[in-house]
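Heads up: the structure comes next, in structure tokens.
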Amino acid sequence: MSLTSQYPLGPGGSYGSAECLLATGMQFEDVKGDSGVPKLFAPHLKMVKNESTKCSELSIMFHAPSNFVLDAKSAIVCDYMGTELFVFVNLSQVGTVSDFFQCFNLNLTFTQEFSRKLIKRNIFVIPVHGDPEEGEIGKIGADGNEQVD
């Protein structure tokens with residue numbers, strides 16, 4: 001099953017908008033004695049510039065246990081710290097965990113004006129889920145190359 005939701009970015013949507021496609025009910029095959037489950041909350045990033053609209057588009061994908069949802073009050077928060085842009089994906093835990101997993105696919109489309117501000121900046125993506133020991137910080141540079149810290 002999959003669900004789609006939309007969210008504004010920045011104050012009043014001034015940075016752009018985000019769409020989240022959530023795939024639920026996923027199970028992973030046992031591979032070589034390992035559960036085969038991808039590292040949870042580790043974002044995979046891809047940044048492109050849409051040539052027809054001249055807007056930057058950031059794709060974020062990560063896996064999470066079945067009992068996490070995007071926070072109802074502040075699902076996606078973009079904030080500058082110095083010259084870096086931080087994208088916080090805020091998650092809340094609901095119910096009990098099951099054997100199933102889900103995949104969050106977020107597509108952030110920045111406005112033309114905000115896209116110009118992203119030139120030569122690093123963007124850090126942090127899934128915030130309550131356990132600082134689990135997960136990763138994704139980083140993507142102005143050149144569009146992904147790094148995981």
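Naming scheme: A, B, ... for chains in displayed order of the structure tokens; residues 1 onward per chain; ligands 1 onward as shown.
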
I want to know what sits within 8 Å of Phe62 in chain A, based on only C-alpha atoms, with residues of the same chain fewer than 2 positions away left out; could you give that as a PDB file with all heavy atoms, in the first residue's frame?
```
ATOM      1  N   LEU A  40      18.237   1.493   8.900  1.00  0.00           N
ATOM      2  CA  LEU A  40      17.058   2.313   9.141  1.00  0.00           C
ATOM      3  C   LEU A  40      17.433   3.776   9.324  1.00  0.00           C
ATOM      4  O   LEU A  40      18.467   4.104   9.892  1.00  0.00           O
ATOM      5  CB  LEU A  40      16.309   1.803  10.365  1.00  0.00           C
ATOM      6  CG  LEU A  40      15.798   0.366  10.238  1.00  0.00           C
ATOM      7  CD1 LEU A  40      15.118  -0.077  11.523  1.00  0.00           C
ATOM      8  CD2 LEU A  40      14.859   0.212   9.056  1.00  0.00           C
ATOM      9  N   PHE A  41      16.592   4.644   8.830  1.00  0.00           N
ATOM     10  CA  PHE A  41      16.709   6.094   8.944  1.00  0.00           C
ATOM     11  C   PHE A  41      17.944   6.661   8.242  1.00  0.00           C
ATOM     12  O   PHE A  41      18.336   7.788   8.497  1.00  0.00           O
ATOM     13  CB  PHE A  41      16.689   6.544  10.410  1.00  0.00           C
ATOM     14  CG  PHE A  41      15.477   6.084  11.165  1.00  0.00           C
ATOM     15  CD1 PHE A  41      15.571   5.081  12.117  1.00  0.00           C
ATOM     16  CD2 PHE A  41      14.231   6.633  10.904  1.00  0.00           C
ATOM     17  CE1 PHE A  41      14.454   4.654  12.816  1.00  0.00           C
ATOM     18  CE2 PHE A  41      13.107   6.209  11.591  1.00  0.00           C
ATOM     19  CZ  PHE A  41      13.221   5.216  12.545  1.00  0.00           C
ATOM     20  N   ALA A  42      18.584   5.894   7.359  1.00  0.00           N
ATOM     21  CA  ALA A  42      19.753   6.378   6.613  1.00  0.00           C
ATOM     22  C   ALA A  42      19.268   6.946   5.276  1.00  0.00           C
ATOM     23  O   ALA A  42      18.852   6.197   4.401  1.00  0.00           O
ATOM     24  CB  ALA A  42      20.746   5.248   6.380  1.00  0.00           C
ATOM     25  N   PRO A  43      19.312   8.270   5.112  1.00  0.00           N
ATOM     26  CA  PRO A  43      18.757   8.862   3.888  1.00  0.00           C
ATOM     27  C   PRO A  43      19.656   8.682   2.674  1.00  0.00           C
ATOM     28  O   PRO A  43      20.878   8.765   2.767  1.00  0.00           O
ATOM     29  CB  PRO A  43      18.629  10.340   4.248  1.00  0.00           C
ATOM     30  CG  PRO A  43      19.645  10.566   5.302  1.00  0.00           C
ATOM     31  CD  PRO A  43      19.779   9.268   6.054  1.00  0.00           C
ATOM     32  N   HIS A  44      19.034   8.407   1.544  1.00  0.00           N
ATOM     33  CA  HIS A  44      19.714   8.384   0.248  1.00  0.00           C
ATOM     34  C   HIS A  44      19.208   9.610  -0.497  1.00  0.00           C
ATOM     35  O   HIS A  44      17.996   9.846  -0.568  1.00  0.00           O
ATOM     36  CB  HIS A  44      19.399   7.105  -0.516  1.00  0.00           C
ATOM     37  CG  HIS A  44      19.870   5.886   0.192  1.00  0.00           C
ATOM     38  ND1 HIS A  44      21.175   5.457   0.144  1.00  0.00           N
ATOM     39  CD2 HIS A  44      19.220   5.024   1.008  1.00  0.00           C
ATOM     40  CE1 HIS A  44      21.305   4.375   0.878  1.00  0.00           C
ATOM     41  NE2 HIS A  44      20.123   4.087   1.421  1.00  0.00           N
ATOM     42  N   ILE A  60      14.692  12.386  -1.390  1.00  0.00           N
ATOM     43  CA  ILE A  60      15.156  11.767  -0.144  1.00  0.00           C
ATOM     44  C   ILE A  60      14.418  10.445   0.005  1.00  0.00           C
ATOM     45  O   ILE A  60      13.195  10.395  -0.114  1.00  0.00           O
ATOM     46  CB  ILE A  60      14.841  12.655   1.075  1.00  0.00           C
ATOM     47  CG1 ILE A  60      15.420  14.056   0.897  1.00  0.00           C
ATOM     48  CG2 ILE A  60      15.320  11.999   2.359  1.00  0.00           C
ATOM     49  CD1 ILE A  60      14.875  15.069   1.897  1.00  0.00           C
ATOM     50  N   ALA A  64      12.106   2.890   7.495  1.00  0.00           N
ATOM     51  CA  ALA A  64      11.798   3.024   8.913  1.00  0.00           C
ATOM     52  C   ALA A  64      10.907   1.863   9.344  1.00  0.00           C
ATOM     53  O   ALA A  64      10.244   1.247   8.509  1.00  0.00           O
ATOM     54  CB  ALA A  64      11.085   4.352   9.171  1.00  0.00           C
ATOM     55  N   CYS A 103       8.904   2.568   3.527  1.00  0.00           N
ATOM     56  CA  CYS A 103       9.885   3.361   2.797  1.00  0.00           C
ATOM     57  C   CYS A 103       9.308   4.749   2.558  1.00  0.00           C
ATOM     58  O   CYS A 103       8.233   4.883   1.960  1.00  0.00           O
ATOM     59  CB  CYS A 103      10.220   2.687   1.469  1.00  0.00           C
ATOM     60  SG  CYS A 103      11.448   3.580   0.513  1.00  0.00           S
ATOM     61  N   PHE A 104      10.001   5.769   3.062  1.00  0.00           N
ATOM     62  CA  PHE A 104       9.611   7.161   2.847  1.00  0.00           C
ATOM     63  C   PHE A 104      10.348   7.671   1.617  1.00  0.00           C
ATOM     64  O   PHE A 104      11.580   7.613   1.558  1.00  0.00           O
ATOM     65  CB  PHE A 104       9.994   8.020   4.051  1.00  0.00           C
ATOM     66  CG  PHE A 104       9.137   7.790   5.264  1.00  0.00           C
ATOM     67  CD1 PHE A 104       9.427   6.759   6.155  1.00  0.00           C
ATOM     68  CD2 PHE A 104       8.043   8.599   5.524  1.00  0.00           C
ATOM     69  CE1 PHE A 104       8.644   6.552   7.276  1.00  0.00           C
ATOM     70  CE2 PHE A 104       7.256   8.394   6.638  1.00  0.00           C
ATOM     71  CZ  PHE A 104       7.561   7.367   7.520  1.00  0.00           C
ATOM     72  N   ASN A 105       9.630   8.160   0.634  1.00  0.00           N
ATOM     73  CA  ASN A 105      10.197   8.793  -0.564  1.00  0.00           C
ATOM     74  C   ASN A 105       9.688  10.228  -0.590  1.00  0.00           C
ATOM     75  O   ASN A 105       8.504  10.460  -0.830  1.00  0.00           O
ATOM     76  CB  ASN A 105       9.751   8.077  -1.843  1.00  0.00           C
ATOM     77  CG  ASN A 105      10.437   6.749  -2.004  1.00  0.00           C
ATOM     78  OD1 ASN A 105      11.633   6.715  -2.225  1.00  0.00           O
ATOM     79  ND2 ASN A 105       9.687   5.673  -1.862  1.00  0.00           N
TER      80      ASN A 105
END
```

Please identify all polymer residues within 6 Å of Thr111 in chain A, counting only C-alpha atoms, omitting same-chain residues fewer than 2 positions from it, and present them as an NGL selection string.
-> :A and (15-16 or 55 or 113-115)

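All residues within range 21-143 of chain A that the backbone DSSP calculation assigns to alpha helix (DSSP H) are Gln112, Glu113, Phe114, Ser115, Arg116 and Lys117 of chain A.
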
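Reported to one decimal place, the separation of CA of Asn50 in chain A from CA of Ile76 in chain A is 21.4 Å.
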
Between CA of Ala18 in chain A and CA of Leu58 in chain A, distance in Å (one decimal) = 9.2 Å

Among range 46-140 of chain A, which ones does DSSP place in strand (DSSP E or B), written as an MDAnalysis selection string?
-> chainID A and resid 46:50 55:65 68:70 76:81 84:93 101:110 123:128 138:140

What would the file look like if the residues just selected were written as a PDB file, in the first residue's frame with C-alpha atoms?
```pdb
ATOM      1  CA  LYS A  46      19.676  12.936  -5.172  1.00  0.00           C
ATOM      2  CA  MET A  47      19.655  16.582  -6.248  1.00  0.00           C
ATOM      3  CA  VAL A  48      18.801  17.677  -9.781  1.00  0.00           C
ATOM      4  CA  LYS A  49      17.861  20.922 -11.471  1.00  0.00           C
ATOM      5  CA  ASN A  50      14.704  20.711 -13.546  1.00  0.00           C
ATOM      6  CA  CYS A  55      13.932  24.698  -9.909  1.00  0.00           C
ATOM      7  CA  SER A  56      16.153  22.456  -7.792  1.00  0.00           C
ATOM      8  CA  GLU A  57      14.619  19.139  -6.793  1.00  0.00           C
ATOM      9  CA  LEU A  58      15.884  17.054  -3.877  1.00  0.00           C
ATOM     10  CA  SER A  59      14.855  13.400  -3.578  1.00  0.00           C
ATOM     11  CA  ILE A  60      15.156  11.767  -0.144  1.00  0.00           C
ATOM     12  CA  MET A  61      14.534   8.069   0.497  1.00  0.00           C
ATOM     13  CA  PHE A  62      14.898   6.128   3.755  1.00  0.00           C
ATOM     14  CA  HIS A  63      13.438   3.069   5.478  1.00  0.00           C
ATOM     15  CA  ALA A  64      11.798   3.024   8.913  1.00  0.00           C
ATOM     16  CA  PRO A  65       9.944   0.573  11.149  1.00  0.00           C
ATOM     17  CA  PHE A  68       6.723   5.724  12.435  1.00  0.00           C
ATOM     18  CA  VAL A  69       4.764   8.518  10.752  1.00  0.00           C
ATOM     19  CA  LEU A  70       5.638  12.037   9.624  1.00  0.00           C
ATOM     20  CA  ILE A  76       9.574  18.771   7.139  1.00  0.00           C
ATOM     21  CA  VAL A  77      11.523  21.768   8.436  1.00  0.00           C
ATOM     22  CA  CYS A  78      14.157  23.635   6.389  1.00  0.00           C
ATOM     23  CA  ASP A  79      16.528  25.863   8.365  1.00  0.00           C
ATOM     24  CA  TYR A  80      19.791  27.675   7.698  1.00  0.00           C
ATOM     25  CA  MET A  81      22.695  27.292  10.085  1.00  0.00           C
ATOM     26  CA  GLU A  84      24.438  25.292   5.330  1.00  0.00           C
ATOM     27  CA  LEU A  85      20.817  24.277   4.764  1.00  0.00           C
ATOM     28  CA  PHE A  86      19.419  21.635   7.106  1.00  0.00           C
ATOM     29  CA  VAL A  87      16.325  19.633   6.198  1.00  0.00           C
ATOM     30  CA  PHE A  88      14.802  17.946   9.234  1.00  0.00           C
ATOM     31  CA  VAL A  89      12.310  15.154   8.523  1.00  0.00           C
ATOM     32  CA  ASN A  90      10.413  14.881  11.808  1.00  0.00           C
ATOM     33  CA  LEU A  91       8.908  11.503  12.642  1.00  0.00           C
ATOM     34  CA  SER A  92       6.643  10.399  15.469  1.00  0.00           C
ATOM     35  CA  GLN A  93       6.250   6.919  16.857  1.00  0.00           C
ATOM     36  CA  PHE A 101       8.888  -1.848   7.322  1.00  0.00           C
ATOM     37  CA  GLN A 102       8.056   1.201   5.287  1.00  0.00           C
ATOM     38  CA  CYS A 103       9.885   3.361   2.797  1.00  0.00           C
ATOM     39  CA  PHE A 104       9.611   7.161   2.847  1.00  0.00           C
ATOM     40  CA  ASN A 105      10.197   8.793  -0.564  1.00  0.00           C
ATOM     41  CA  LEU A 106      10.220  12.579  -0.303  1.00  0.00           C
ATOM     42  CA  ASN A 107      10.524  14.873  -3.296  1.00  0.00           C
ATOM     43  CA  LEU A 108      11.301  18.470  -2.384  1.00  0.00           C
ATOM     44  CA  THR A 109      10.819  21.024  -5.151  1.00  0.00           C
ATOM     45  CA  PHE A 110      12.348  24.393  -4.321  1.00  0.00           C
ATOM     46  CA  ILE A 123      22.418  20.450   2.295  1.00  0.00           C
ATOM     47  CA  PHE A 124      22.162  18.144   5.304  1.00  0.00           C
ATOM     48  CA  VAL A 125      19.134  15.850   5.646  1.00  0.00           C
ATOM     49  CA  ILE A 126      18.379  14.524   9.122  1.00  0.00           C
ATOM     50  CA  PRO A 127      15.523  12.117   9.854  1.00  0.00           C
ATOM     51  CA  VAL A 128      14.584  13.011  13.465  1.00  0.00           C
ATOM     52  CA  GLY A 138      22.688  12.583   4.633  1.00  0.00           C
ATOM     53  CA  LYS A 139      24.705  15.337   2.977  1.00  0.00           C
ATOM     54  CA  ILE A 140      24.575  16.524  -0.597  1.00  0.00           C
TER      55      ILE A 140
END
```

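Closest approach to Asp99 in chain A among A:Cys20, A:Met26, A:Ala72, A:Leu118: A:Met26, based on only C-alpha atoms.
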
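With CA of Ser14 in chain A on one side and CA of Ile137 in chain A on the other, the separation reads 24.6 Å.
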